[in-house]
>>> print(open('entry-v1.pdb').read())   # PDB, C-alpha atoms
MODEL        1
ATOM      1  CA  MET M 101      -1.674   0.523  25.072
ATOM      2  CA  ASP M 102      -5.168   1.385  26.261
ATOM      3  CA  LYS M 103      -7.121   3.536  23.797
ATOM      4  CA  GLN M 104      -8.065   6.148  26.377
ATOM      5  CA  ARG M 105      -4.457   6.472  27.449
ATOM      6  CA  ILE M 106      -3.461   7.244  23.860
ATOM      7  CA  VAL M 107      -6.232   9.847  23.651
ATOM      8  CA  LYS M 108      -4.985  11.522  26.840
ATOM      9  CA  ILE M 109      -1.402  11.602  25.568
ATOM     10  CA  PHE M 110      -2.388  13.182  22.261
ATOM     11  CA  ALA M 111      -4.799  15.625  23.891
ATOM     12  CA  VAL M 112      -1.968  16.913  26.072
ATOM     13  CA  LEU M 113       0.169  17.402  22.968
ATOM     14  CA  GLY M 114      -2.551  19.683  21.604
ATOM     15  CA  GLU M 115      -2.304  21.538  18.324
ATOM     16  CA  PRO M 116       0.618  20.286  16.226
ATOM     17  CA  THR M 117       2.873  22.349  14.028
ATOM     18  CA  ASP M 118       3.235  22.027  10.289
ATOM     19  CA  ASN M 119       6.983  21.666  10.706
ATOM     20  CA  ARG M 120       8.640  18.614   9.216
ATOM     21  CA  PRO M 121       9.982  16.239  10.292
ATOM     22  CA  TRP M 122       7.091  15.602  12.633
ATOM     23  CA  ARG M 123       7.321  15.003  16.347
ATOM     24  CA  ASP M 124       8.965  11.714  17.331
ATOM     25  CA  TYR M 125       6.172   9.670  18.898
ATOM     26  CA  SER M 126       8.379   6.703  19.750
ATOM     27  CA  GLY M 127       8.982   8.035  23.249
ATOM     28  CA  TYR M 128       5.340   7.539  24.215
ATOM     29  CA  GLY M 129       5.570   3.761  24.266
ATOM     30  CA  LEU M 130       3.552   3.131  21.119
ATOM     31  CA  THR M 131       4.278  -0.129  19.323
ATOM     32  CA  ALA M 132       3.092  -1.932  16.211
ATOM     33  CA  ALA M 133       0.413  -3.551  18.350
ATOM     34  CA  ASP M 134      -1.149  -0.097  18.795
ATOM     35  CA  ALA M 135      -1.464   0.557  15.053
ATOM     36  CA  PRO M 136      -5.083  -0.679  14.718
ATOM     37  CA  THR M 137      -6.105   1.528  17.647
ATOM     38  CA  LEU M 138      -4.392   4.521  16.062
ATOM     39  CA  VAL M 139      -6.265   3.908  12.803
ATOM     40  CA  GLU M 140      -9.500   3.690  14.776
ATOM     41  CA  LEU M 141      -8.726   7.108  16.269
ATOM     42  CA  VAL M 142      -7.958   8.545  12.834
ATOM     43  CA  ALA M 143     -11.426   7.488  11.683
ATOM     44  CA  ASP M 144     -13.245   8.705  14.806
ATOM     45  CA  ASN M 145     -15.227  11.729  13.632
ATOM     46  CA  SER M 146     -16.375  12.550  17.153
ATOM     47  CA  PHE M 147     -13.117  14.434  17.705
ATOM     48  CA  VAL M 148     -13.998  16.799  14.865
ATOM     49  CA  GLU M 149     -16.852  18.188  16.950
ATOM     50  CA  SER M 150     -14.626  18.868  19.935
ATOM     51  CA  ASP M 151     -13.629  22.379  20.947
ATOM     52  CA  GLY M 152     -10.914  21.021  23.223
ATOM     53  CA  ALA M 153      -7.369  19.766  22.784
ATOM     54  CA  ASP M 154      -8.596  16.293  21.839
ATOM     55  CA  TYR M 155      -9.673  17.798  18.503
ATOM     56  CA  TRP M 156      -6.138  16.998  17.332
ATOM     57  CA  VAL M 157      -6.161  13.325  18.344
ATOM     58  CA  PRO M 158      -6.786  11.979  14.795
ATOM     59  CA  LEU M 159      -3.919  14.015  13.352
ATOM     60  CA  HIS M 160      -1.480  12.880  16.042
ATOM     61  CA  SER M 161      -2.712   9.336  15.435
ATOM     62  CA  TRP M 162      -1.837   9.232  11.754
ATOM     63  CA  ARG M 163       1.475  10.979  12.368
ATOM     64  CA  ALA M 164       2.302   8.400  15.033
ATOM     65  CA  LEU M 165       1.641   5.658  12.476
ATOM     66  CA  LEU M 166       4.504   6.934  10.321
ATOM     67  CA  HIS M 167       7.195   5.127  12.298
ATOM     68  CA  LEU M 168       5.062   2.027  12.849
ATOM     69  CA  MET M 169       4.439   1.256   9.178
ATOM     70  CA  PRO M 170       3.705  -1.233   7.694
ATOM     71  CA  ALA M 171       1.776  -2.020  10.872
ATOM     72  CA  GLY M 172      -1.721  -0.632  10.406
ATOM     73  CA  LEU M 173      -1.298  -0.223   6.644
ATOM     74  CA  HIS M 174      -4.322  -2.255   5.555
ATOM     75  CA  GLU M 175      -6.512  -0.741   8.249
ATOM     76  CA  LEU M 176      -5.456   2.774   7.211
ATOM     77  CA  ILE M 177      -6.169   2.131   3.537
ATOM     78  CA  GLY M 178      -9.530   0.762   4.620
ATOM     79  CA  ILE M 179     -10.610   4.143   6.032
ATOM     80  CA  PHE M 180      -9.644   6.262   3.022
ATOM     81  CA  ASP M 181     -13.337   6.895   2.417
ATOM     82  CA  VAL M 182     -13.586   8.418   5.908
ATOM     83  CA  VAL M 183     -10.616  10.778   5.642
ATOM     84  CA  ALA M 184     -10.769  11.675   1.935
ATOM     85  CA  GLU M 185     -12.616  14.945   2.571
ATOM     86  CA  ASP M 186     -10.206  16.146   5.254
ATOM     87  CA  ASP M 187      -7.677  18.417   3.542
ATOM     88  CA  TRP M 188      -5.054  17.928   6.231
ATOM     89  CA  ALA M 189      -5.402  14.156   6.086
ATOM     90  CA  VAL M 190      -5.190  14.133   2.289
ATOM     91  CA  ASP M 191      -2.023  16.206   2.518
ATOM     92  CA  GLU M 192      -0.275  14.059   5.132
ATOM     93  CA  ILE M 193      -1.538  10.484   4.911
ATOM     94  CA  PRO M 194       0.339   9.789   1.636
ATOM     95  CA  MET M 195       3.579  10.422   3.551
ATOM     96  CA  VAL M 196       2.473   7.942   6.212
ATOM     97  CA  VAL M 197       1.547   5.246   3.700
ATOM     98  CA  ALA M 198       4.790   5.813   1.787
ATOM     99  CA  ALA M 199       6.677   4.767   4.916
ATOM    100  CA  ALA M 200       5.376   1.236   4.324
ATOM    101  CA  CYS M 201       7.552   1.131   1.191
ATOM    102  CA  ASP M 202       6.865  -1.765  -1.192
ATOM    103  CA  ALA M 203       4.325  -3.302   1.191
ATOM    104  CA  ALA M 204       1.918  -0.523   0.199
ATOM    105  CA  LEU M 205       2.044  -0.943  -3.572
ATOM    106  CA  ASP M 206      -0.286  -3.852  -4.266
ATOM    107  CA  PRO M 207      -2.898  -2.925  -1.616
ATOM    108  CA  LEU M 208      -3.050   0.577  -3.111
ATOM    109  CA  LEU M 209      -3.393  -0.780  -6.645
ATOM    110  CA  ASP M 210      -6.179  -3.098  -5.509
ATOM    111  CA  TYR M 211      -7.933  -0.152  -3.872
ATOM    112  CA  VAL M 212      -7.722   1.966  -7.033
ATOM    113  CA  LEU M 213      -9.213  -0.771  -9.213
ATOM    114  CA  ASP M 214     -11.973  -1.806  -6.810
ATOM    115  CA  LYS M 215     -15.142  -0.125  -8.088
ATOM    116  CA  ARG M 216     -16.800  -0.570  -4.702
ATOM    117  CA  ASN M 217     -14.543   2.096  -3.216
ATOM    118  CA  ASP M 218     -15.606   5.699  -2.849
ATOM    119  CA  GLU M 219     -14.806   7.779  -5.929
ATOM    120  CA  PHE M 220     -13.430  10.564  -3.734
ATOM    121  CA  ALA M 221     -11.132   8.166  -1.872
ATOM    122  CA  ILE M 222      -9.512   6.629  -4.953
ATOM    123  CA  PRO M 223      -7.508   9.814  -5.721
ATOM    124  CA  LEU M 224      -6.030   9.542  -2.216
ATOM    125  CA  ALA M 225      -4.840   6.018  -3.014
ATOM    126  CA  LEU M 226      -3.258   7.309  -6.223
ATOM    127  CA  GLN M 227      -1.523  10.085  -4.299
ATOM    128  CA  CYS M 228      -0.156   7.497  -1.875
ATOM    129  CA  LEU M 229       1.280   5.489  -4.763
ATOM    130  CA  VAL M 230       2.932   8.562  -6.256
ATOM    131  CA  GLU M 231       4.305   9.686  -2.890
ATOM    132  CA  THR M 232       5.823   6.233  -2.393
ATOM    133  CA  GLY M 233       7.543   6.472  -5.765
ATOM    134  CA  LYS M 234       8.840   9.954  -5.011
ATOM    135  CA  ARG M 235      10.191   9.104  -1.560
ATOM    136  CA  HIS M 236      11.843   5.811  -2.489
ATOM    137  CA  SER M 237      13.808   5.972  -5.725
ATOM    138  CA  LYS M 238      14.061   2.186  -5.925
ATOM    139  CA  LEU M 239      10.256   1.989  -5.923
ATOM    140  CA  ARG M 240       9.689   4.549  -8.664
ATOM    141  CA  LYS M 241       9.692   1.898 -11.397
ATOM    142  CA  PRO M 242       7.295  -0.504  -9.623
ATOM    143  CA  VAL M 243       4.980   2.411  -8.818
ATOM    144  CA  ILE M 244       4.892   3.452 -12.472
ATOM    145  CA  GLU M 245       4.284  -0.154 -13.517
ATOM    146  CA  ARG M 246       1.252  -0.315 -11.242
ATOM    147  CA  LEU M 247      -0.100   3.008 -12.466
ATOM    148  CA  VAL M 248       0.230   1.805 -16.056
ATOM    149  CA  TYR M 249      -1.503  -1.438 -15.101
ATOM    150  CA  ALA M 250      -4.348   0.581 -13.564
ATOM    151  CA  LEU M 251      -4.528   2.715 -16.709
ATOM    152  CA  GLN M 252      -4.863  -0.393 -18.863
ATOM    153  CA  HIS M 253      -7.176  -2.400 -16.614
ATOM    154  CA  SER M 254      -9.597   0.136 -15.153
ATOM    155  CA  ALA M 255     -13.272  -0.257 -16.014
ATOM    156  CA  ALA M 256     -14.200   0.476 -19.624
ATOM    157  CA  ARG M 257     -16.169   3.641 -18.892
ATOM    158  CA  ASP M 258     -13.950   4.946 -16.106
ATOM    159  CA  TYR M 259     -12.575   7.842 -18.145
ATOM    160  CA  GLY M 260     -12.177  10.080 -15.100
ATOM    161  CA  LEU M 261     -10.031   7.547 -13.262
ATOM    162  CA  ARG M 262      -7.772   7.175 -16.276
ATOM    163  CA  GLY M 263      -7.481  10.954 -16.429
ATOM    164  CA  LEU M 264      -6.341  10.958 -12.800
ATOM    165  CA  ILE M 265      -3.863   8.158 -13.457
ATOM    166  CA  VAL M 266      -2.361  10.022 -16.411
ATOM    167  CA  ALA M 267      -2.076  13.168 -14.288
ATOM    168  CA  GLU M 268      -0.204  11.220 -11.595
ATOM    169  CA  LEU M 269       2.125   9.700 -14.194
ATOM    170  CA  VAL M 270       2.906  13.232 -15.347
ATOM    171  CA  ALA M 271       3.611  14.180 -11.719
ATOM    172  CA  LEU M 272       6.225  11.402 -11.693
ATOM    173  CA  ARG M 273       7.592  12.485 -15.093
ATOM    174  CA  ALA M 274       7.058   8.862 -16.109
ATOM    175  CA  VAL M 275       8.190   9.172 -19.719
ATOM    176  CA  GLU M 276       8.430   5.391 -19.900
ATOM    177  CA  ALA M 277       4.637   5.265 -19.542
ATOM    178  CA  MET M 278       4.049   7.320 -22.703
ATOM    179  CA  PRO M 279       3.358   4.318 -25.001
ATOM    180  CA  ALA M 280       0.477   3.227 -22.759
ATOM    181  CA  ILE M 281      -0.722   6.818 -22.374
ATOM    182  CA  ARG M 282      -0.737   7.359 -26.148
ATOM    183  CA  VAL M 283      -2.765   4.187 -26.650
ATOM    184  CA  ALA M 284      -5.293   5.331 -24.049
ATOM    185  CA  PHE M 285      -5.677   8.700 -25.778
ATOM    186  CA  ALA M 286      -5.852   7.107 -29.232
ATOM    187  CA  GLU M 287      -8.706   4.917 -28.020
ATOM    188  CA  ASP M 288     -10.421   7.947 -26.461
ATOM    189  CA  GLN M 289     -10.273   6.349 -23.022
ATOM    190  CA  VAL M 290      -9.023   9.365 -21.035
ATOM    191  CA  ASP M 291     -10.990  12.271 -19.608
ATOM    192  CA  TRP M 292      -8.667  14.996 -20.850
ATOM    193  CA  THR M 293     -10.479  17.644 -18.793
ATOM    194  CA  VAL M 294      -8.727  15.957 -15.851
ATOM    195  CA  SER M 295      -5.287  15.270 -17.300
ATOM    196  CA  GLY M 296      -5.095  17.685 -20.205
ATOM    197  CA  ASP M 297      -4.934  16.432 -23.779
ATOM    198  CA  LEU M 298      -2.022  14.444 -25.171
ATOM    199  CA  GLU M 299      -0.033  17.565 -26.033
ATOM    200  CA  ASP M 300      -0.499  18.847 -22.481
ATOM    201  CA  VAL M 301       0.763  15.511 -21.181
ATOM    202  CA  GLU M 302       3.797  15.640 -23.466
ATOM    203  CA  LEU M 303       4.526  19.171 -22.262
ATOM    204  CA  GLY M 304       4.273  17.993 -18.663
ATOM    205  CA  MET M 305       6.625  15.121 -19.400
ATOM    206  CA  GLY M 306       9.166  17.499 -20.928
ATOM    207  CA  LEU M 307       8.792  15.873 -24.349
ATOM    208  CA  ARG M 308       7.856  19.098 -26.103
ATOM    209  CA  THR M 309       8.323  22.795 -25.470
ATOM    210  CA  LYS M 310       5.186  24.100 -27.156
ATOM    211  CA  ARG M 311       1.885  22.957 -28.572
ATOM    212  CA  ASP M 312       1.364  22.202 -32.258
ATOM    213  CA  THR M 313      -2.374  22.806 -32.031
ATOM    214  CA  PRO M 314      -4.509  25.352 -30.171
ATOM    215  CA  ARG M 315      -5.216  24.399 -26.589
ATOM    216  CA  PRO M 316      -8.669  22.799 -26.383
ATOM    217  CA  SER M 317     -11.453  24.564 -24.546
ATOM    218  CA  TYR M 318     -11.864  22.721 -21.272
ATOM    219  CA  LYS M 319     -15.630  22.703 -21.099
ATOM    220  CA  VAL M 320     -18.132  20.300 -19.616
ATOM    221  CA  GLU M 321     -21.705  19.676 -20.626
ATOM    222  CA  GLU M 322     -24.262  21.370 -18.423
ATOM    223  CA  ASP M 323     -26.368  18.851 -16.557
ATOM    224  CA  ASP M 324     -29.853  19.699 -17.731
ATOM    225  CA  ALA M 325     -32.457  17.128 -16.808
ATOM    226  CA  ASP M 326     -35.006  18.812 -19.089
ATOM    227  CA  ASP M 327     -32.815  18.481 -22.159
ATOM    228  CA  GLU M 328     -33.392  15.100 -23.755
ATOM    229  CA  ASP M 329     -30.723  15.562 -26.412
ATOM    230  CA  GLU M 330     -27.367  15.483 -24.614
ATOM    231  CA  ASP M 331     -25.507  16.281 -27.835
ATOM    232  CA  ASP M 332     -27.253  19.661 -27.961
ATOM    233  CA  ALA M 333     -26.712  20.450 -24.281
ATOM    234  CA  PRO M 334     -25.086  23.863 -23.762
ATOM    235  CA  LEU M 335     -21.503  23.986 -22.638
ATOM    236  CA  VAL M 336     -20.342  25.849 -19.546
ATOM    237  CA  GLU M 337     -16.821  26.910 -18.744
ATOM    238  CA  GLN M 338     -15.010  24.833 -16.163
ATOM    239  CA  VAL M 339     -15.114  26.585 -12.799
ATOM    240  CA  ILE M 340     -11.813  28.178 -11.830
ATOM    241  CA  ARG M 341     -11.402  29.475  -8.292
ATOM    242  CA  ALA M 342     -10.593  33.159  -8.061
ATOM    243  CA  GLU M 343      -9.183  32.576  -4.573
ATOM    244  CA  PRO M 344      -7.242  29.614  -3.156
ATOM    245  CA  LYS M 345      -9.324  26.892  -1.556
ATOM    246  CA  ILE M 346      -9.644  27.310   2.205
ATOM    247  CA  GLY M 347      -8.702  24.173   4.119
ATOM    248  CA  ARG M 348     -11.281  22.996   6.633
ATOM    249  CA  ASN M 349      -8.700  23.194   9.426
ATOM    250  CA  GLU M 350      -7.411  26.650   8.503
ATOM    251  CA  PRO M 351      -8.465  29.852  10.317
ATOM    252  CA  CYS M 352     -11.790  31.153   9.062
ATOM    253  CA  PRO M 353     -11.322  34.160   6.751
ATOM    254  CA  CYS M 354     -14.119  36.002   8.571
ATOM    255  CA  GLY M 355     -11.648  36.780  11.360
ATOM    256  CA  SER M 356     -13.517  34.993  14.146
ATOM    257  CA  GLY M 357     -10.420  33.080  15.201
ATOM    258  CA  LYS M 358     -12.246  29.778  14.779
ATOM    259  CA  LYS M 359     -11.356  27.075  12.304
ATOM    260  CA  TYR M 360     -13.137  27.335   8.964
ATOM    261  CA  LYS M 361     -14.988  24.039   9.521
ATOM    262  CA  LYS M 362     -16.270  25.362  12.865
ATOM    263  CA  CYS M 363     -17.383  28.708  11.503
ATOM    264  CA  CYS M 364     -18.365  29.711   7.964
ATOM    265  CA  MET M 365     -17.716  26.486   6.082
ATOM    266  CA  PRO M 366     -20.935  25.646   4.178
TER
ENDMDL
END
>>> encode(input="entry-v1.pdb", output="structure tokens")
Amino acid sequence: MDKQRIVKIFAVLGEPTDNRPWRDYSGYGLTAADAPTLVELVADNSFVESDGADYWVPLHSWRALLHLMPAGLHELIGIFDVVAEDDWAVDEIPMVVAAACDAALDPLLDYVLDKRNDEFAIPLALQCLVETGKRHSKLRKPVIERLVYALQHSAARDYGLRGLIVAELVALRAVEAMPAIRVAFAEDQVDWTVSGDLEDVELGMGLRTKRDTPRPSYKVEEDDADDEDEDDAPLVEQVIRAEPKIGRNEPCPCGSGKKYKKCCMP
């Protein structure tokens, strides 16, 4: 289907609802051959600047991909760096990728382990893996196997990534991954400010009901370029939001009626 025709169809549909299941897009004549065009529309940031109905074209595009998967899978994974800062996309794209079932597993693992990829996009790939395991019970085991592989084969100094991987394994209640997790903690290879320490992980896995030791203070070193001795750098408390994060597509809290990204978003 012609790209402009797809844009016109989605512009007419206008603002979508958050209701699930989503609209059935199959009646608009879209086929697997249109998947690359839909991915192109997802990545087109020009729609973000629109004040018209075509503002919603990218969102309709990724929702339309749901029933076309695995068509467009590799192209969609390839634009994770473009959509990773869009809260709505981060919330919904894992459901789209999960529709590709086992076809998504190895491309997602490759993306996670490829150091050339954007550090803010890799968590989206991890979320897609976890969502696939949650939505398809038969794929839970292969998803966990790939997360464990990523835990064991990520770059030597990639402590933050391993912290994210451990956190996602906890989200899956992947008790079978505990031997690998314990090794990673024993070798001090996990950023526990991301995942919690080993006791936190065991609590999350349901393997214990209380801590045996005091909870560690989740602090990070202050980045002070003038301090040559990093060991003596002062510690600052991790920032905790007093209010929930405002999504870029949510109404602006100032009451203007505009979307946050179009109004007071810094």
>>> residues_around(input="entry-v1.pdb", residues="M:Asp124", least_positions_apart="5", cutoff="10 Å", atoms="all atoms listed in the file", output="PyMOL selection string")
chain M and resi 163-164+166-167
>>> resolve_selection(input="entry-v1.pdb", expression="the PyMOL selection byres ((chain M and resi 237-242) around 10)", output="list in words")
Cys201, Asp202, Leu205, Asp206, Leu229, Val230, Glu231, Thr232, Gly233, Lys234, Arg235, His236, Val243, Ile244, Glu245, Arg246, Leu247, Val248, Leu272, Ala274 and Glu276 of chain M
>>> atom_distance(input="entry-v1.pdb", atom1="atom CA of M:Val266", atom2="atom CA of M:Ile281")
7.0 Å
>>> residues_around(input="entry-v1.pdb", residues="M:Val283", least_positions_apart="4", cutoff="12 Å", atoms="only C-alpha atoms", output="list in words")
Val248, Leu251, Gln252, Arg262, Val266, Ala277, Met278, Pro279, Glu287, Asp288, Gln289, Val290 and Leu298 of chain M
>>> resolve_selection(input="entry-v1.pdb", expression="the PyMOL selection byres ((chain M and resi 311) around 10)", output="PDB file with C-alpha atoms, in the coordinates of the input")
ATOM      1  CA  LEU M 298      -2.022  14.444 -25.171  1.00  0.00           C
ATOM      2  CA  GLU M 299      -0.033  17.565 -26.033  1.00  0.00           C
ATOM      3  CA  ASP M 300      -0.499  18.847 -22.481  1.00  0.00           C
ATOM      4  CA  GLU M 302       3.797  15.640 -23.466  1.00  0.00           C
ATOM      5  CA  LEU M 303       4.526  19.171 -22.262  1.00  0.00           C
ATOM      6  CA  ARG M 308       7.856  19.098 -26.103  1.00  0.00           C
ATOM      7  CA  THR M 309       8.323  22.795 -25.470  1.00  0.00           C
ATOM      8  CA  LYS M 310       5.186  24.100 -27.156  1.00  0.00           C
ATOM      9  CA  ASP M 312       1.364  22.202 -32.258  1.00  0.00           C
ATOM     10  CA  THR M 313      -2.374  22.806 -32.031  1.00  0.00           C
ATOM     11  CA  PRO M 314      -4.509  25.352 -30.171  1.00  0.00           C
ATOM     12  CA  ARG M 315      -5.216  24.399 -26.589  1.00  0.00           C
TER      13      ARG M 315
END
>>> resolve_selection(input="entry-v1.pdb", expression="the PyMOL selection byres ((chain M and resi 180-186) around 12)", output="PyMOL selection string")
chain M and resi 139-145+148+158-159+162+173-179+187-194+197+208+211-212+216-228+346-350+361
>>> atom_distance(input="entry-v1.pdb", atom1="atom CA of M:Asp134", atom2="atom CA of M:Met169")
11.2 Å
>>> atom_distance(input="entry-v1.pdb", atom1="atom CA of M:Gly127", atom2="atom CA of M:Ile109")
11.2 Å
>>> residues_around(input="entry-v1.pdb", residues="stretch 112-115 of chain M", least_positions_apart="4", cutoff="10 Å", atoms="all atoms listed in the file", output="JSON, numbers by chain")
{"M": [107, 108, 152, 153, 154, 155, 156, 157, 159, 160]}
>>> axis_aligned_box(input="entry-v1.pdb", around="stretch 295-302 of chain M", padding_each_side="8 Å", output="lines of an AutoDock Vina configuration file")
center_x = -0.7
center_y = 16.6
center_z = -21.7
size_x = 25.1
size_y = 20.4
size_z = 24.7
>>> closest_residue(input="entry-v1.pdb", among="M:Lys215, M:Arg123, M:Arg282, M:Arg273", to="M:Arg257", atoms="all atoms listed in the file")
M:Lys215
>>> closest_residue(input="entry-v1.pdb", among="M:Met101, M:Arg120, M:Phe110, M:Val275", to="M:Pro136", atoms="all atoms listed in the file")
M:Met101
>>> decode(input="entry-v1.pdb", residues="stretch 195-263 of chain M", atoms="C-alpha atoms", output="compact mmCIF listing (two decimals), in the first residue's frame")
# COMPACT_ATOMS: atom_id res chain seq x y z
CA MET M 195 3.68 -6.35 23.13
CA VAL M 196 4.15 -5.93 19.38
CA VAL M 197 7.52 -7.69 19.33
CA ALA M 198 6.17 -10.49 21.54
CA ALA M 199 3.69 -11.31 18.78
CA ALA M 200 6.64 -12.54 16.71
CA CYS M 201 7.02 -15.38 19.24
CA ASP M 202 10.25 -17.38 19.00
CA ALA M 203 11.36 -15.47 15.89
CA ALA M 204 12.12 -12.50 18.15
CA LEU M 205 14.36 -14.24 20.68
CA ASP M 206 17.74 -14.40 18.97
CA PRO M 207 17.51 -10.96 17.28
CA LEU M 208 16.71 -9.44 20.68
CA LEU M 209 19.60 -11.27 22.35
CA ASP M 210 21.95 -10.08 19.62
CA TYR M 211 20.72 -6.52 20.14
CA VAL M 212 21.30 -6.67 23.90
CA LEU M 213 24.88 -7.91 23.51
CA ASP M 214 25.86 -5.55 20.69
CA LYS M 215 27.84 -2.74 22.34
CA ARG M 216 27.25 -0.51 19.33
CA ASN M 217 23.60 -0.13 20.28
CA ASP M 218 22.30 2.81 22.26
CA GLU M 219 22.46 2.24 26.01
CA PHE M 220 18.93 3.60 26.41
CA ALA M 221 17.56 1.25 23.75
CA ILE M 222 18.99 -1.96 25.21
CA PRO M 223 16.51 -1.94 28.15
CA LEU M 224 13.70 -1.88 25.57
CA ALA M 225 15.12 -5.04 23.98
CA LEU M 226 15.23 -6.68 27.41
CA GLN M 227 11.62 -5.69 28.05
CA CYS M 228 10.65 -7.25 24.72
CA LEU M 229 12.33 -10.51 25.71
CA VAL M 230 10.54 -10.57 29.06
CA GLU M 231 7.18 -9.70 27.49
CA THR M 232 7.62 -12.57 25.04
CA GLY M 233 8.26 -14.97 27.91
CA LYS M 234 5.25 -13.70 29.82
CA ARG M 235 2.84 -13.89 26.89
CA HIS M 236 3.91 -17.30 25.61
CA SER M 237 4.35 -19.87 28.36
CA LYS M 238 6.19 -22.25 26.03
CA LEU M 239 8.80 -19.55 25.41
CA ARG M 240 9.43 -18.71 29.06
CA LYS M 241 12.29 -21.22 29.32
CA PRO M 242 14.07 -20.13 26.12
CA VAL M 243 13.70 -16.48 27.15
CA ILE M 244 15.29 -17.20 30.53
CA GLU M 245 18.07 -19.15 28.84
CA ARG M 246 18.88 -16.15 26.66
CA LEU M 247 18.80 -13.75 29.59
CA VAL M 248 21.20 -16.00 31.49
CA TYR M 249 23.42 -16.18 28.41
CA ALA M 250 23.43 -12.37 28.24
CA LEU M 251 24.25 -12.22 31.96
CA GLN M 252 27.23 -14.51 31.45
CA HIS M 253 28.50 -13.09 28.16
CA SER M 254 28.01 -9.33 28.45
CA ALA M 255 31.12 -7.15 28.35
CA ALA M 256 33.39 -7.40 31.38
CA ARG M 257 32.70 -3.90 32.68
CA ASP M 258 29.02 -3.77 31.77
CA TYR M 259 27.81 -3.92 35.37
CA GLY M 260 24.73 -1.83 34.65
CA LEU M 261 23.54 -4.15 31.90
CA ARG M 262 23.93 -7.16 34.17
CA GLY M 263 21.94 -5.31 36.82
